[in-house]
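Asker: My structure is below; once you've seen it, I'll send some questions.
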Amino acid sequence: MNDPDPRTLERARRGDTAAFEDLVRAYQGDVWRFAYHFTHDRALADDVTQEAFLRAFRFLKGFRGDSRFTSWLFRIARNCAMDQIRARNVYVERVSPISGTVADPQARVELHAALGAVSAEHREPFLLVEVFGLSYQEAADVLGVRVGTIKSRMHRARRAMMQALEIEEDAR
Amino acid sequence: MNHDQAELLLSARLDGERLSPRAASSLDRHLETCAECRAFERRAYRLRESARIELAPAVPDLVEPIMSAVRSEPRQATRLHDVRPRRGRGAMPRLAPVAAALLVGALAGSLVVGGPLERGPGGSALAASDVTEGIAAAAVRLDAYQATFAIRETHLSPEVPVRDLTMSVWFEAPERFRLDVVDHTDYPSPATPTHLRLVVNDSTWYASGPAPCGTARCPMRESAVRNRLPFSTAAPLPGDLILPVSTLMDPDRVTVLGRGRALGRPAVQVEVPFERARPLFPFLEIGGAWRPFFPNDRVRIWLDERSWFPLRWEVFPATGSERDQWALRFGLPEEPALQPVFSVTALDVGMRDPEPGIFEIPSVVGTQDQGARPVLLGQVERETGFEPVAPTSVAGLDLYRVVLPRDDSGGALVAYADGLAFLTLGETRTWMDDAPFGPVGVQAEEIALSGGGVAYYEPASGEHARRLSIHAAGSDLYLESNLSRAELLAAAASLPVEGLPMPDAWRVRGSGTTVVERMTLDEAREAAPFPIALPRSLPEGFGLASVELVDAGYGVGVTLYLRDRDADAGIGTIRLHLEPATALPPASSAAQSGVDVGGSPGRYTPGRSQLEWIDTGIYRSLDAPGLPLDGLLTVARSIPSGSEGSGR
């Protein structure tokens, strides 16, 4: 995932709403998908996305570039998702299939079963790294853990998911 | 290497994490013989394919609802950092990035290294933080390095308008380093050529070169250190030549000019002022004669985009009357702003292991002893009477050396390292001084650690890396590191101690009738009989570090210390002192001149970089070692007058 043009970011930091709109347009898809993987609910993902950008707008002045903009934004989105989950107490460990994709439904069900077989602790880094393409450092920034932790969780997540997928393959 | 280790490395490599050359080659060797791990790799790729295809649900367009919520946000009050100058550097006019890139491209295109810059629309722009983070990450992975550079210097003297030298560099992580400079200049009259050598080999250190002298023939000077402290800054290892970790550590101070090619590789070009790029010119400190540089001269660095090795760096003269006057003082000829006055160009760079013997230290009479006695970690308790605390997070660094320093603290120093990155942890149980343990002053910034407790932090300076001191019940600790501020704080937070606030004996100092007391800004606002307003405009990266109340017997004043959070290079600490007065104190220097500070009559003392003025019955004094007059004025004029803006 690319970081925004520093000039756009700087303009948005100084309160330029047109520049901020560019950022919303560029990153709303990633934030929404990320929120969806947390909440498993389209309406909740909409709320989280909206709240995350609103918070980003409020805090942008304080964004100091300690991490990449995308890591920072994901960190906010993750906090918003957690808040929503706590507030509504809706989070279910069971992962429901995502509607609206065009790919092979059989493979989709398998993958979601595999994701469900992984603990949240391992699912989060897996989604950030494997699906959103973040580096270990960026994922560590988002989740507030060490790079070494991401490294070992990725390894364990992979093993667990492969095992889950293979069990299904064997059962077929 | 077992399966678990191999899979862990495979998994990381699959995710684009770079392995050290050593780890990569032993992983490849393991894969050749291990079918199970090869299968793991294939399955991981299959998993990736399904994950990336599957997890892409249709995304709604939320721009409208988000933006209407954003527009209905109340406008925020202006805060301290809102009106900071944008990477301004005094009087130096800045080119817009695109224009600058074109200009440099045109210039660099004619050179051997550095093709035209590209700044494509959208995606291809690199942020300064990409560069700093890339370098920091590469520093941890680097095991070995060798390179040769050509150095070209202009205007050493009217007789020597151009000099050509070569510089060779060898490195083996974490603390073996050698630098040789060979001077090829054909001097018109007898002169001592600038041949230099610097060798660092763990606990030993050696440097040789001509002693700077005013005459044509200068004596050669040799110095050596034994029992060197790990990562001693008094006997330094100039690692920035390999990866400019300290020069480019602060994204706020780095300007990315664009991308292009250098030495045939994709490269990115960045710019920093000379004062921050000093670590890229360590040879200036070793000996010999060199031309002078102005603090605001611009250093443009081409970095290999894959390895982040610096491939070429050039110094371009700053512009403006201050630079012109400075050049006159040194007898320099006119130096056009677009022509480099000094350049270092890589001829050959690689991560090859240096030949054995390259780091051998010549024997020297009169070696200085730093007194660091090596011990094993397990022996520390027997020697000092305590078992040293260990952080649970050291950013993945490995335990490297443990020494007992020969000072009266009776403590131990544990060093962690990986590649060029290091962290040292000093501990004592018998700290008696009325100041923080280690190279940390009483005006250091108080930081709440995420694990609870507080630490006192100071940014990197010419003498020390970033560091912090912790005062805990029964023990005192300090940490010093070239890791990022966040990583240093994380390491501190992971120590099994709780940092206490400074004891009163440290916070309160007195001399004669004057008592100085460190306190929080809120406490100072309670205690001072006048409003305390902070400057709204500070150089990029600066913030309030600490506050002191000064009671001189006849009245109360307040001193604010404002510091860069990452590095002290250049500007140093900005000090703002306020106290009630109706007139400036008597003049104390002949060089003082009158200036207008936002409508109030003021006084500027260049020798102290100090600005003084009276505003609504309050005497204000502002000083910063490296801030020129216009920089001081920018800060001074941003301080709200009188009671305006003094509250929250």
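Letters for chains follow the order of the structure tokens (A, B, ...), residue numbers begin at 1 for each chain, and ligand numbers begin at 1 in the order shown.
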So that I can see what lies close to range 131-144 of chain A, please list as an NGL selection string the residues with an atom at most 6 Å from it, counting only C-alpha atoms and leaving out residues fewer than 3 positions away in the same chain.

Answerer: (:A and (71 or 75 or 127-128 or 147)) or (:B and (52))

Asker: Take the selection from the previous step and output its residues with C-alpha atoms, as a PDB file, in the first residue's frame.

Answerer:
ATOM      1  CA  SER A  71       0.032   2.305   9.540  1.00  0.00           C
ATOM      2  CA  ARG A  75      -4.110   1.897  13.959  1.00  0.00           C
ATOM      3  CA  LEU A 127      -4.686  -9.913   7.469  1.00  0.00           C
ATOM      4  CA  LEU A 128      -2.404  -6.883   7.721  1.00  0.00           C
ATOM      5  CA  VAL A 147       8.479  -6.767  14.928  1.00  0.00           C
TER       6      VAL A 147
ATOM      7  CA  ARG B  52      -5.465 -12.202  -1.788  1.00  0.00           C
TER       8      ARG B  52
END

Asker: Should the cut-off be 8 Å, what would the residue list for chain A against chain B look like, counting only C-alpha atoms, as a ChimeraX atom specification?

Answerer: /A:2-6,14,17,21,24-25,28-29,32-33,46,50,53-54,57,61,65-68,98-101,103,107-108,111,129-131,135-136,146-148,151-152,154-155,158,161-162

Asker: Between CA of Asp630 in chain B and CA of Phe530 in chain B, what is the distance, to one decimal in Å?

Answerer: 27.0 Å

Asker: Can you tell me, as a ChimeraX atom specification, what residues are no more than 10 Å from range 77-83 of chain A when counting only C-alpha atoms, ignoring any on the same chain fewer than 2 positions away?

Answerer: /A:31-32,34-39,44-45,47-53,55-56,71-75,85-89,91,124,142-143

Asker: Record the distance separating CA of Val402 in chain B and CA of Gly453 in chain B, expressed in Å with one decimal.

Answerer: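 Distance reported for this atom pair: 26.1 Å.
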